[in-house]
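See below for data_2.pdb, which holds PDB, C-alpha atoms (C1' of nucleotides).
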```pdb
ATOM      1  CA  MET A  54     -11.151  28.357  -4.878
ATOM      2  CA  PHE A  55     -10.782  26.110  -1.825
ATOM      3  CA  ILE A  56      -9.934  22.446  -1.920
ATOM      4  CA  GLY A  57     -13.530  21.248  -1.511
ATOM      5  CA  GLU A  58     -14.684  23.136  -4.589
ATOM      6  CA  LEU A  59     -11.746  21.872  -6.639
ATOM      7  CA  ALA A  60     -12.523  18.359  -5.444
ATOM      8  CA  LYS A  61     -16.135  18.661  -6.603
ATOM      9  CA  LYS A  62     -15.196  20.133  -9.983
ATOM     10  CA  THR A  63     -12.720  17.363 -10.734
ATOM     11  CA  ASN A  64     -14.601  14.558  -9.035
ATOM     12  CA  THR A  65     -11.632  13.878  -6.787
ATOM     13  CA  LYS A  66     -11.486  13.284  -3.055
ATOM     14  CA  VAL A  67     -10.000  16.085  -0.982
ATOM     15  CA  GLU A  68      -7.443  13.671   0.463
ATOM     16  CA  THR A  69      -6.375  12.665  -3.012
ATOM     17  CA  ILE A  70      -5.678  16.267  -3.979
ATOM     18  CA  ARG A  71      -3.495  16.732  -0.889
ATOM     19  CA  TYR A  72      -1.801  13.465  -1.772
ATOM     20  CA  TYR A  73      -1.018  14.738  -5.278
ATOM     21  CA  GLU A  74       0.494  17.852  -3.753
ATOM     22  CA  ARG A  75       2.647  15.790  -1.395
ATOM     23  CA  GLU A  76       3.763  13.706  -4.355
ATOM     24  CA  GLY A  77       4.732  16.865  -6.214
ATOM     25  CA  ILE A  78       2.544  16.081  -9.200
ATOM     26  CA  LEU A  79       0.180  18.982  -8.497
ATOM     27  CA  PRO A  80       1.927  22.300  -7.647
ATOM     28  CA  GLU A  81       1.396  23.755  -4.192
ATOM     29  CA  ALA A  82      -1.431  26.266  -3.918
ATOM     30  CA  ASP A  83      -1.244  29.702  -2.301
ATOM     31  CA  ARG A  84      -2.519  29.842   1.255
ATOM     32  CA  THR A  85      -5.135  32.184   2.693
ATOM     33  CA  TYR A  86      -4.662  34.017   5.984
ATOM     34  CA  GLY A  87      -6.299  31.070   7.727
ATOM     35  CA  ASN A  88      -3.917  28.620   6.037
ATOM     36  CA  TYR A  89      -6.467  27.283   3.550
ATOM     37  CA  ARG A  90      -5.202  26.176   0.129
ATOM     38  CA  ASP A  91      -6.370  28.603  -2.546
ATOM     39  CA  TYR A  92      -6.412  27.135  -6.050
ATOM     40  CA  SER A  93      -6.245  28.865  -9.438
ATOM     41  CA  SER A  94      -7.722  27.814 -12.767
ATOM     42  CA  ALA A  95      -4.278  26.522 -13.746
ATOM     43  CA  HIS A  96      -4.556  24.057 -10.890
ATOM     44  CA  LEU A  97      -7.987  23.068 -12.114
ATOM     45  CA  ALA A  98      -6.622  22.400 -15.607
ATOM     46  CA  LYS A  99      -3.677  20.398 -14.362
ATOM     47  CA  LEU A 100      -5.737  18.317 -11.978
ATOM     48  CA  THR A 101      -8.246  17.629 -14.757
ATOM     49  CA  PHE A 102      -5.374  16.422 -16.910
ATOM     50  CA  ILE A 103      -4.059  14.186 -14.158
ATOM     51  CA  ARG A 104      -7.444  12.665 -13.422
ATOM     52  CA  ARG A 105      -8.289  12.060 -17.085
ATOM     53  CA  SER A 106      -4.944  10.368 -17.574
ATOM     54  CA  ARG A 107      -5.347   8.226 -14.463
ATOM     55  CA  ASP A 108      -8.843   7.265 -15.564
ATOM     56  CA  LEU A 109      -7.358   6.126 -18.841
ATOM     57  CA  GLY A 110      -5.150   3.790 -16.867
ATOM     58  CA  PHE A 111      -1.849   5.643 -17.006
ATOM     59  CA  THR A 112       0.274   5.105 -13.895
ATOM     60  CA  MET A 113       1.446   8.052 -11.814
ATOM     61  CA  ALA A 114       4.898   7.716 -13.363
ATOM     62  CA  GLN A 115       3.375   7.867 -16.824
ATOM     63  CA  VAL A 116       1.304  10.907 -15.894
ATOM     64  CA  ARG A 117       4.483  12.582 -14.693
ATOM     65  CA  SER A 118       6.100  11.881 -18.067
ATOM     66  CA  LEU A 119       3.065  13.160 -19.916
ATOM     67  CA  LEU A 120       3.128  16.359 -17.869
ATOM     68  CA  ASP A 121       6.852  16.811 -18.525
ATOM     69  CA  LEU A 122       6.315  16.296 -22.235
ATOM     70  CA  ALA A 123       3.335  18.636 -22.304
ATOM     71  CA  ASP A 124       5.244  21.358 -20.500
ATOM     72  CA  ASP A 125       7.654  21.799 -23.378
ATOM     73  CA  GLU A 126       5.556  23.382 -26.135
ATOM     74  CA  ASP A 127       8.139  22.960 -28.845
ATOM     75  CA  GLN A 128       8.726  19.281 -28.363
ATOM     76  CA  PRO A 129       7.336  17.079 -31.067
ATOM     77  CA  CYS A 130       4.099  15.298 -30.383
ATOM     78  CA  ALA A 131       5.857  11.985 -30.939
ATOM     79  CA  GLY A 132       6.646  11.379 -27.274
ATOM     80  CA  VAL A 133       3.025  11.584 -26.267
ATOM     81  CA  ASP A 134       2.056   9.498 -29.259
ATOM     82  CA  ALA A 135       4.566   6.811 -28.316
ATOM     83  CA  MET A 136       3.316   6.649 -24.741
ATOM     84  CA  ALA A 137      -0.256   6.261 -25.885
ATOM     85  CA  ARG A 138       0.739   3.491 -28.307
ATOM     86  CA  ASP A 139       2.688   1.743 -25.586
ATOM     87  CA  HIS A 140      -0.269   1.993 -23.273
ATOM     88  CA  ILE A 141      -2.598   0.519 -25.883
ATOM     89  CA  ALA A 142      -0.228  -2.417 -26.249
ATOM     90  CA  ASN A 143      -0.421  -2.976 -22.484
ATOM     91  CA  ILE A 144      -4.180  -2.854 -22.555
ATOM     92  CA  ASP A 145      -4.275  -5.352 -25.387
ATOM     93  CA  ARG A 146      -2.115  -7.705 -23.362
ATOM     94  CA  LYS A 147      -4.455  -7.388 -20.401
ATOM     95  CA  ILE A 148      -7.533  -8.015 -22.522
ATOM     96  CA  LYS A 149      -5.908 -11.085 -24.018
ATOM     97  CA  ASP A 150      -4.972 -12.481 -20.594
ATOM     98  CA  LEU A 151      -8.442 -11.858 -19.226
ATOM     99  CA  THR A 152     -10.046 -13.524 -22.213
ATOM    100  CA  LEU A 153      -7.921 -16.621 -21.717
ATOM    101  CA  LEU A 154      -8.767 -16.596 -18.031
ATOM    102  CA  ARG A 155     -12.436 -16.356 -18.776
ATOM    103  CA  ALA A 156     -12.265 -19.322 -21.126
ATOM    104  CA  GLU A 157     -10.465 -21.375 -18.496
ATOM    105  CA  LEU A 158     -12.952 -20.530 -15.763
ATOM    106  CA  SER A 159     -15.893 -21.196 -17.981
ATOM    107  CA  HIS A 160     -14.360 -24.539 -18.931
ATOM    108  CA  LEU A 161     -14.051 -25.356 -15.228
ATOM    109  CA  LEU A 162     -17.691 -24.466 -14.715
ATOM    110  CA  ASP A 163     -18.758 -26.879 -17.420
ATOM    111  CA  SER A 164     -17.052 -29.693 -15.576
ATOM    112  CA  CYS A 165     -18.763 -28.999 -12.261
ATOM    113  CA  GLU A 166     -21.740 -31.283 -12.155
ATOM    114  CA  SER A 167     -21.305 -33.427  -9.096
ATOM    115  CA  GLU A 168     -23.107 -32.970  -5.835
ATOM    116  CA  ARG A 169     -20.291 -33.076  -3.345
ATOM    117  CA  ILE A 170     -17.094 -31.073  -3.064
ATOM    118  CA  GLY A 171     -15.235 -34.343  -2.759
ATOM    119  CA  GLU A 172     -15.842 -34.927  -6.445
ATOM    120  CA  CYS A 173     -15.798 -31.315  -7.539
ATOM    121  CA  ARG A 174     -13.691 -30.991 -10.647
ATOM    122  CA  ILE A 175     -13.002 -27.311 -10.021
ATOM    123  CA  VAL A 176     -11.330 -28.050  -6.723
ATOM    124  CA  GLU A 177      -9.407 -30.896  -8.321
ATOM    125  CA  ALA A 178      -8.340 -28.835 -11.281
ATOM    126  CA  LEU A 179      -7.065 -26.033  -9.089
ATOM    127  CA  GLY A 180      -4.955 -28.318  -6.937
ATOM    128  CA  GLU A 181      -3.442 -30.384  -9.720
ATOM    129  CA  ARG A 182       0.233 -30.061 -10.551
ATOM    130  CA  ARG A 183       0.838 -28.972 -14.073
TER     131      ARG A 183
ATOM    132  CA  MET B1453      11.105 -30.587   1.635
ATOM    133  CA  PHE B1454      12.589 -27.171   2.446
ATOM    134  CA  ILE B1455      11.096 -23.858   1.436
ATOM    135  CA  GLY B1456      13.366 -23.365  -1.580
ATOM    136  CA  GLU B1457      12.298 -26.634  -3.153
ATOM    137  CA  LEU B1458       8.627 -25.890  -2.521
ATOM    138  CA  ALA B1459       9.143 -22.473  -4.044
ATOM    139  CA  LYS B1460      10.663 -23.970  -7.181
ATOM    140  CA  LYS B1461       7.947 -26.594  -7.536
ATOM    141  CA  THR B1462       5.143 -24.056  -7.255
ATOM    142  CA  ASN B1463       6.907 -21.241  -9.049
ATOM    143  CA  THR B1464       6.506 -19.032  -6.008
ATOM    144  CA  LYS B1465       9.019 -16.758  -4.307
ATOM    145  CA  VAL B1466      10.281 -17.939  -0.924
ATOM    146  CA  GLU B1467       9.170 -14.664   0.649
ATOM    147  CA  THR B1468       5.682 -15.169  -0.727
ATOM    148  CA  ILE B1469       5.404 -18.589   0.904
ATOM    149  CA  ARG B1470       6.409 -17.139   4.258
ATOM    150  CA  TYR B1471       3.906 -14.353   3.664
ATOM    151  CA  TYR B1472       1.132 -16.911   3.066
ATOM    152  CA  GLU B1473       2.060 -18.602   6.325
ATOM    153  CA  ARG B1474       1.944 -15.280   8.191
ATOM    154  CA  GLU B1475      -1.456 -14.626   6.643
ATOM    155  CA  GLY B1476      -2.649 -18.000   7.831
ATOM    156  CA  ILE B1477      -3.686 -19.145   4.380
ATOM    157  CA  LEU B1478      -0.978 -21.820   4.214
ATOM    158  CA  PRO B1479      -0.645 -23.947   7.397
ATOM    159  CA  GLU B1480       2.589 -23.749   9.359
ATOM    160  CA  ALA B1481       5.176 -26.371   8.473
ATOM    161  CA  ASP B1482       7.091 -28.563  10.903
ATOM    162  CA  ARG B1483      10.550 -27.327  11.791
ATOM    163  CA  THR B1484      13.826 -29.236  11.539
ATOM    164  CA  TYR B1485      16.400 -29.268  14.309
ATOM    165  CA  GLY B1486      18.032 -26.247  12.684
ATOM    166  CA  ASN B1487      14.671 -24.392  12.583
ATOM    167  CA  TYR B1488      14.123 -24.863   8.841
ATOM    168  CA  ARG B1489      10.532 -25.194   7.629
ATOM    169  CA  ASP B1490       9.871 -28.773   6.477
ATOM    170  CA  TYR B1491       6.959 -29.098   4.055
ATOM    171  CA  SER B1492       4.774 -32.117   3.265
ATOM    172  CA  SER B1493       3.011 -33.034   0.048
ATOM    173  CA  ALA B1494      -0.199 -31.672   1.583
ATOM    174  CA  HIS B1495       1.472 -28.290   1.699
ATOM    175  CA  LEU B1496       2.509 -28.692  -1.908
ATOM    176  CA  ALA B1497      -1.081 -29.442  -2.940
ATOM    177  CA  LYS B1498      -2.510 -26.557  -0.964
ATOM    178  CA  LEU B1499       0.042 -24.051  -2.218
ATOM    179  CA  THR B1500      -0.552 -25.220  -5.781
ATOM    180  CA  PHE B1501      -4.254 -24.635  -5.262
ATOM    181  CA  ILE B1502      -3.609 -21.154  -3.864
ATOM    182  CA  ARG B1503      -1.303 -20.176  -6.687
ATOM    183  CA  ARG B1504      -3.576 -21.482  -9.413
ATOM    184  CA  SER B1505      -6.483 -19.587  -7.890
ATOM    185  CA  ARG B1506      -4.458 -16.396  -7.568
ATOM    186  CA  ASP B1507      -3.282 -16.771 -11.154
ATOM    187  CA  LEU B1508      -6.920 -16.980 -12.170
ATOM    188  CA  GLY B1509      -7.422 -13.623 -10.545
ATOM    189  CA  PHE B1510      -9.182 -14.641  -7.345
ATOM    190  CA  THR B1511      -8.387 -12.322  -4.432
ATOM    191  CA  MET B1512      -6.871 -13.661  -1.237
ATOM    192  CA  ALA B1513     -10.280 -13.418   0.437
ATOM    193  CA  GLN B1514     -11.820 -15.444  -2.370
ATOM    194  CA  VAL B1515      -9.074 -18.047  -2.134
ATOM    195  CA  ARG B1516      -9.780 -18.313   1.588
ATOM    196  CA  SER B1517     -13.444 -18.952   0.820
ATOM    197  CA  LEU B1518     -12.575 -21.514  -1.825
ATOM    198  CA  LEU B1519     -10.318 -23.314   0.630
ATOM    199  CA  ASP B1520     -13.015 -23.278   3.290
ATOM    200  CA  LEU B1521     -15.528 -24.670   0.812
ATOM    201  CA  ALA B1522     -13.105 -27.282  -0.455
ATOM    202  CA  ASP B1523     -12.251 -28.423   3.071
ATOM    203  CA  ASP B1524     -15.769 -29.666   3.688
ATOM    204  CA  GLU B1525     -16.050 -32.662   1.400
ATOM    205  CA  ASP B1526     -19.770 -33.143   1.895
ATOM    206  CA  GLN B1527     -20.782 -29.629   0.999
ATOM    207  CA  PRO B1528     -22.476 -29.218  -2.331
ATOM    208  CA  CYS B1529     -20.386 -28.043  -5.235
ATOM    209  CA  ALA B1530     -22.736 -25.099  -5.652
ATOM    210  CA  GLY B1531     -20.700 -22.686  -3.534
ATOM    211  CA  VAL B1532     -17.628 -23.134  -5.671
ATOM    212  CA  ASP B1533     -19.737 -22.915  -8.791
ATOM    213  CA  ALA B1534     -21.288 -19.645  -7.639
ATOM    214  CA  MET B1535     -17.908 -18.105  -6.872
ATOM    215  CA  ALA B1536     -16.591 -19.051 -10.282
ATOM    216  CA  ARG B1537     -19.677 -17.559 -11.964
ATOM    217  CA  ASP B1538     -19.326 -14.391  -9.954
ATOM    218  CA  HIS B1539     -15.687 -14.165 -10.894
ATOM    219  CA  ILE B1540     -16.482 -14.592 -14.569
ATOM    220  CA  ALA B1541     -18.922 -11.703 -14.308
ATOM    221  CA  ASN B1542     -16.137  -9.565 -12.812
ATOM    222  CA  ILE B1543     -13.779 -10.509 -15.586
ATOM    223  CA  ASP B1544     -16.375  -9.625 -18.193
ATOM    224  CA  ARG B1545     -16.749  -6.206 -16.603
ATOM    225  CA  LYS B1546     -13.000  -5.673 -16.694
ATOM    226  CA  ILE B1547     -12.754  -6.722 -20.324
ATOM    227  CA  LYS B1548     -15.558  -4.353 -21.222
ATOM    228  CA  ASP B1549     -13.905  -1.427 -19.403
ATOM    229  CA  LEU B1550     -10.546  -2.105 -21.009
ATOM    230  CA  THR B1551     -12.109  -2.339 -24.449
ATOM    231  CA  LEU B1552     -13.760   1.064 -24.001
ATOM    232  CA  LEU B1553     -10.473   2.483 -22.777
ATOM    233  CA  ARG B1554      -8.656   1.118 -25.758
ATOM    234  CA  ALA B1555     -11.149   2.692 -28.143
ATOM    235  CA  GLU B1556     -10.746   6.055 -26.442
ATOM    236  CA  LEU B1557      -6.969   5.954 -26.546
ATOM    237  CA  SER B1558      -6.905   4.837 -30.121
ATOM    238  CA  HIS B1559      -9.273   7.657 -30.989
ATOM    239  CA  LEU B1560      -6.868  10.084 -29.319
ATOM    240  CA  LEU B1561      -4.003   8.659 -31.329
ATOM    241  CA  ASP B1562      -5.846   9.264 -34.573
ATOM    242  CA  SER B1563      -6.099  12.921 -33.714
ATOM    243  CA  CYS B1564      -2.390  13.341 -33.035
ATOM    244  CA  GLU B1565      -0.904  14.603 -36.244
ATOM    245  CA  SER B1566       0.642  17.928 -35.453
ATOM    246  CA  GLU B1567       4.310  18.569 -35.006
ATOM    247  CA  ARG B1568       4.428  20.438 -31.748
ATOM    248  CA  ILE B1569       3.066  19.647 -28.319
ATOM    249  CA  GLY B1570       1.516  23.096 -28.385
ATOM    250  CA  GLU B1571      -1.020  21.773 -30.861
ATOM    251  CA  CYS B1572      -1.145  18.210 -29.649
ATOM    252  CA  ARG B1573      -4.727  17.059 -29.469
ATOM    253  CA  ILE B1574      -3.915  14.360 -26.959
ATOM    254  CA  VAL B1575      -2.652  16.911 -24.493
ATOM    255  CA  GLU B1576      -5.633  19.157 -25.182
ATOM    256  CA  ALA B1577      -8.077  16.323 -24.850
ATOM    257  CA  LEU B1578      -6.633  15.361 -21.526
ATOM    258  CA  GLY B1579      -7.429  18.743 -20.100
ATOM    259  CA  GLU B1580      -4.386  21.001 -20.449
ATOM    260  CA  ARG B1581      -5.163  24.324 -22.145
ATOM    261  CA  ARG B1582      -2.086  26.160 -23.346
TER     262      ARG B1582
ATOM    263  C1'  DA C 723      38.256 -24.492   8.065
ATOM    264  C1'  DT C 724      36.266 -22.208   4.639
ATOM    265  C1'  DG C 725      33.320 -21.104   1.152
ATOM    266  C1'  DC C 726      28.850 -21.073  -0.553
ATOM    267  C1'  DA C 727      24.044 -21.848  -1.019
ATOM    268  C1'  DC C 728      20.506 -21.960   1.581
ATOM    269  C1'  DC C 729      17.593 -20.800   5.703
ATOM    270  C1'  DC C 730      15.817 -17.621   9.658
ATOM    271  C1'  DT C 731      13.383 -13.142  11.676
ATOM    272  C1'  DG C 732      12.054  -8.536  11.378
ATOM    273  C1'  DT C 733      11.210  -4.485   9.084
ATOM    274  C1'  DA C 734      10.331  -1.416   5.371
ATOM    275  C1'  DG C 735       9.022  -0.522   0.688
ATOM    276  C1'  DC C 736       5.946  -0.627  -3.395
ATOM    277  C1'  DT C 737       1.009   1.757  -5.880
ATOM    278  C1'  DA C 738      -2.422   5.037  -5.463
ATOM    279  C1'  DC C 739      -4.956   6.285  -2.669
ATOM    280  C1'  DT C 740      -8.376   6.375   1.736
ATOM    281  C1'  DA C 741      -9.595   7.018   6.531
ATOM    282  C1'  DA C 742      -9.360   8.697  10.984
ATOM    283  C1'  DA C 743      -7.706  11.424  14.995
ATOM    284  C1'  DG C 744      -7.479  15.770  16.866
ATOM    285  C1'  DG C 745      -7.583  20.083  16.040
ATOM    286  C1'  DG C 746      -8.352  25.198  13.600
ATOM    287  C1'  DT C 747     -11.340  28.649  10.502
ATOM    288  C1'  DC C 748     -15.321  30.953   8.936
ATOM    289  C1'  DA C 749     -19.925  32.496   7.881
ATOM    290  C1'  DA C 750     -24.671  32.445   9.269
ATOM    291  C1'  DG C 751     -28.310  32.421  12.539
ATOM    292  C1'  DA C 752     -30.377  33.182  17.542
TER     293       DA C 752
ATOM    294  C1'  DT D1327     -21.900  37.861  20.996
ATOM    295  C1'  DC D1328     -22.137  33.165  21.016
ATOM    296  C1'  DT D1329     -22.819  28.912  18.930
ATOM    297  C1'  DT D1330     -23.417  25.665  15.371
ATOM    298  C1'  DG D1331     -21.912  23.233  11.544
ATOM    299  C1'  DA D1332     -19.499  22.895   7.384
ATOM    300  C1'  DC D1333     -15.368  23.213   5.957
ATOM    301  C1'  DC D1334     -10.221  23.178   6.395
ATOM    302  C1'  DC D1335      -5.488  21.762   8.514
ATOM    303  C1'  DT D1336      -1.564  18.117   9.721
ATOM    304  C1'  DT D1337      -0.040  13.645  10.861
ATOM    305  C1'  DT D1338      -0.341   8.915  10.974
ATOM    306  C1'  DA D1339      -1.783   4.532   9.634
ATOM    307  C1'  DG D1340      -4.278   1.373   6.804
ATOM    308  C1'  DT D1341      -5.479  -1.159   2.221
ATOM    309  C1'  DA D1342      -3.653  -5.725  -1.263
ATOM    310  C1'  DG D1343      -0.281  -8.713  -2.222
ATOM    311  C1'  DC D1344       3.584  -9.181  -2.297
ATOM    312  C1'  DT D1345       8.995  -7.943  -2.613
ATOM    313  C1'  DA D1346      13.411  -6.582  -0.819
ATOM    314  C1'  DC D1347      16.594  -5.803   2.355
ATOM    315  C1'  DA D1348      19.647  -6.310   6.738
ATOM    316  C1'  DG D1349      21.846  -9.055   9.741
ATOM    317  C1'  DG D1350      22.281 -13.096  11.151
ATOM    318  C1'  DG D1351      22.310 -18.897  11.467
ATOM    319  C1'  DT D1352      22.687 -23.806   9.060
ATOM    320  C1'  DG D1353      24.388 -27.512   6.191
ATOM    321  C1'  DC D1354      27.334 -29.604   3.108
ATOM    322  C1'  DA D1355      31.316 -30.116   0.056
ATOM    323  C1'  DT D1356      36.160 -29.175  -0.602
TER     324       DT D1356
END
```
Please go through the file and, once you have read it, give me the structure as structure tokens.
Amino acid sequence: MFIGELAKKTNTKVETIRYYEREGILPEADRTYGNYRDYSSAHLAKLTFIRRSRDLGFTMAQVRSLLDLADDEDQPCAGVDAMARDHIANIDRKIKDLTLLRAELSHLLDSCESERIGECRIVEALGERR
Amino acid sequence: MFIGELAKKTNTKVETIRYYEREGILPEADRTYGNYRDYSSAHLAKLTFIRRSRDLGFTMAQVRSLLDLADDEDQPCAGVDAMARDHIANIDRKIKDLTLLRAELSHLLDSCESERIGECRIVEALGERR
DNA sequence: ATGCACCCTGTAGCTACTAAAGGGTCAAGA
DNA sequence: TCTTGACCCTTTAGTAGCTACAGGGTGCAT
């Protein structure tokens, strides 16, 4: 299968696939006589894994670790489990920060009732030293 | 005031301040005889505004718009108000996405009870068939 | 005069792609 | 057979928002 087909099947841009190859996260494909990359179903599986993981918010470094862990069949599941837990903790932190942010912004909005920027509380509040 | 002091007061890295100047978002400072940047309290106020806005998750482009809006004292507050509302909508989207993500990951975790990676449901679920 | 903290410019690196320039390959249709 | 058009190739540079050097100069206290 050529790169365009693989791209379609995994919902990935062609350039991104070549980028993954350059980065060494996706193994190099065989080449046809005309120098086209020729992918196997193993490539399809691995790229699917990578994309799913990235979609879930894992960084490239984390995906690399996941792939390393997954490559050793006899390793305990615990490593993968730990990474997932860690990632959930990160997500929780982000959600908390965003929620605080939202409250602050919405508070600012409540205080914006004047007609001119000169009296705008939002502008004031953003420039104040705290 | 020299750049180091401004950096301390605004909790900003020195390099970041110079970057803001290069980007044209913070006006150039006067220079001393020895070519040191010499900042005024107007710079302090503007940088504080920029940093607060960035902390609230506004992009550089948005901060630029906010500054433009704020610079015209007679403009109605509505522009700033609209940007804040828009930003809140973005934040709500992000929170929603992260919450979904968290649910998915936590679901994966529940299914991880085997001893070996070979049977790890997380790895399977992510796309790797072994 | 010497040490040290601070400042300067310029350049390159980071993440995870994305785009574009300038070309080659291949199958189908006229 | 020739041409068209979709696909592929490599290389390079761009994105956001900083951050980190390298290789120097400045200013002040001892």
Report task. For chain D, work out the contacting residues on chain A at 9 Å, counting only C-alpha atoms (C1' of nucleotides), and write them as a list of chain:residue names. Result ->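 Filtering chain A at 9 Å from chain D with only C-alpha atoms (C1' of nucleotides) gives A:Phe55, A:Ile56, A:Gly57, A:Gly87, A:Asn88, A:Tyr89, A:Arg90.
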Go ahead and dump the residues you just picked, C-alpha atoms, as an mmCIF file, in the frame of the given file.
```
data_model
loop_
_atom_site.group_PDB
_atom_site.id
_atom_site.type_symbol
_atom_site.label_atom_id
_atom_site.label_comp_id
_atom_site.auth_asym_id
_atom_site.auth_seq_id
_atom_site.Cartn_x
_atom_site.Cartn_y
_atom_site.Cartn_z
ATOM 1 C CA PHE A 55 -10.782 26.110 -1.825
ATOM 2 C CA ILE A 56 -9.934 22.446 -1.920
ATOM 3 C CA GLY A 57 -13.530 21.248 -1.511
ATOM 4 C CA GLY A 87 -6.299 31.070 7.727
ATOM 5 C CA ASN A 88 -3.917 28.620 6.037
ATOM 6 C CA TYR A 89 -6.467 27.283 3.550
ATOM 7 C CA ARG A 90 -5.202 26.176 0.129
#
```
Requested in this report: For chain B, work out the contacting residues on chain C at 9 Å, counting all atoms listed in the file, and write them as a ChimeraX atom specification.
Outcome: /C:728-730
Query raised in the report: RMSD over all C-alpha atoms, chain A superposed on chain B in order?
Result: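 Fitting chain A to chain B over paired C-alpha atoms yields 1.8 Å.
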Query raised in the report: For the atom pair CA of Gly1509 (chain B) and CA of Glu68 (chain A), what is the interatomic distance in Å to one decimal place?
Result: 29.4 Å
Report task. Could you please determine the separation between CA of His160 (chain A) and CA of Ser1505 (chain B) in Å, to one decimal place? Result ->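 Separation between CA of His160 (chain A) and CA of Ser1505 (chain B): 14.4 Å.
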Query - Which of A:Ser159, A:Ser93, A:Asn64, A:Thr69 sits closest to chain B [using all atoms listed in the file] - result: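 The answer is A:Ser159, which sits nearest to chain B.
For the file at hand, the PyMOL selection byres ((chain B and resi 1546) around 12) resolves to A:Ile144, A:Lys147, A:Ile148, A:Lys149, A:Asp150, A:Leu151, A:Thr152, A:Leu154, A:Arg155, B:Gly1509, B:His1539, B:Ile1540, B:Ala1541, B:Asn1542, B:Ile1543, B:Asp1544, B:Arg1545, B:Ile1547, B:Lys1548, B:Asp1549, B:Leu1550, B:Thr1551, B:Leu1552, B:Leu1553.
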Name the residues that the PyMOL selection byres ((chain C and resi 738) around 9) picks from the file above, as a CSV table (one decimal) with C-alpha atoms (C1' of nucleotides), keeping the file's coordinate frame, using the file's chain letters and numbers.
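out.csv written:
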```
chain,number,residue,atom,x,y,z
A,69,THR,CA,-6.4,12.7,-3.0
A,112,THR,CA,0.3,5.1,-13.9
A,113,MET,CA,1.4,8.1,-11.8
C,737,DT,C1',1.0,1.8,-5.9
C,739,DC,C1',-5.0,6.3,-2.7
```
Report summary line: Counting all atoms listed in the file, closest pick from A:Asp108, A:Asp91, A:Glu58, A:Glu74 relative to chain B is A:Asp108
Query raised in the report: Using all atoms listed in the file, which residue out of B:Lys1461, B:Ala1513, B:Leu1478, B:Val1466 lies closest to chain A?
Result: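 Of B:Lys1461, B:Ala1513, B:Leu1478, B:Val1466, the one nearest chain A, counting all atoms listed in the file, is B:Lys1461.
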Counting all atoms listed in the file, which residues have an atom no more than 12 Å from (4.7, 11.3, -16.0) in the file's coordinates? Please list them as a compact mmCIF listing (two decimals) with C-alpha atoms, in the frame of the given file.
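The resulting result_35.txt:
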```txt
# COMPACT_ATOMS: atom_id res chain seq x y z
CA GLU A 76 3.76 13.71 -4.36
CA GLY A 77 4.73 16.86 -6.21
CA ILE A 78 2.54 16.08 -9.20
CA LEU A 79 0.18 18.98 -8.50
CA PHE A 102 -5.37 16.42 -16.91
CA ILE A 103 -4.06 14.19 -14.16
CA SER A 106 -4.94 10.37 -17.57
CA ARG A 107 -5.35 8.23 -14.46
CA PHE A 111 -1.85 5.64 -17.01
CA THR A 112 0.27 5.11 -13.90
CA MET A 113 1.45 8.05 -11.81
CA ALA A 114 4.90 7.72 -13.36
CA GLN A 115 3.38 7.87 -16.82
CA VAL A 116 1.30 10.91 -15.89
CA ARG A 117 4.48 12.58 -14.69
CA SER A 118 6.10 11.88 -18.07
CA LEU A 119 3.06 13.16 -19.92
CA LEU A 120 3.13 16.36 -17.87
CA ASP A 121 6.85 16.81 -18.52
CA LEU A 122 6.32 16.30 -22.24
CA ALA A 123 3.34 18.64 -22.30
CA ASP A 124 5.24 21.36 -20.50
CA GLY A 132 6.65 11.38 -27.27
CA VAL A 133 3.02 11.58 -26.27
CA MET A 136 3.32 6.65 -24.74
```
Using the block above, I'd like region 1534-1551 of chain B written out, keeping C-alpha atoms and formatting it as a PDB file, in the first residue's frame.
```
ATOM      1  CA  ALA B1534     -16.695  40.221  22.762  1.00  0.00           C
ATOM      2  CA  MET B1535     -13.133  38.920  22.828  1.00  0.00           C
ATOM      3  CA  ALA B1536     -13.513  37.770  26.405  1.00  0.00           C
ATOM      4  CA  ARG B1537     -16.789  36.000  25.561  1.00  0.00           C
ATOM      5  CA  ASP B1538     -15.204  34.343  22.570  1.00  0.00           C
ATOM      6  CA  HIS B1539     -12.304  33.223  24.694  1.00  0.00           C
ATOM      7  CA  ILE B1540     -14.621  31.749  27.299  1.00  0.00           C
ATOM      8  CA  ALA B1541     -16.313  29.745  24.562  1.00  0.00           C
ATOM      9  CA  ASN B1542     -12.898  28.394  23.524  1.00  0.00           C
ATOM     10  CA  ILE B1543     -12.075  27.451  27.071  1.00  0.00           C
ATOM     11  CA  ASP B1544     -15.383  25.649  27.437  1.00  0.00           C
ATOM     12  CA  ARG B1545     -14.591  23.647  24.319  1.00  0.00           C
ATOM     13  CA  LYS B1546     -11.194  22.700  25.700  1.00  0.00           C
ATOM     14  CA  ILE B1547     -12.641  21.649  29.038  1.00  0.00           C
ATOM     15  CA  LYS B1548     -15.216  19.519  27.277  1.00  0.00           C
ATOM     16  CA  ASP B1549     -12.575  17.809  25.107  1.00  0.00           C
ATOM     17  CA  LEU B1550     -10.328  17.134  28.077  1.00  0.00           C
ATOM     18  CA  THR B1551     -13.209  15.714  30.080  1.00  0.00           C
TER      19      THR B1551
END
```
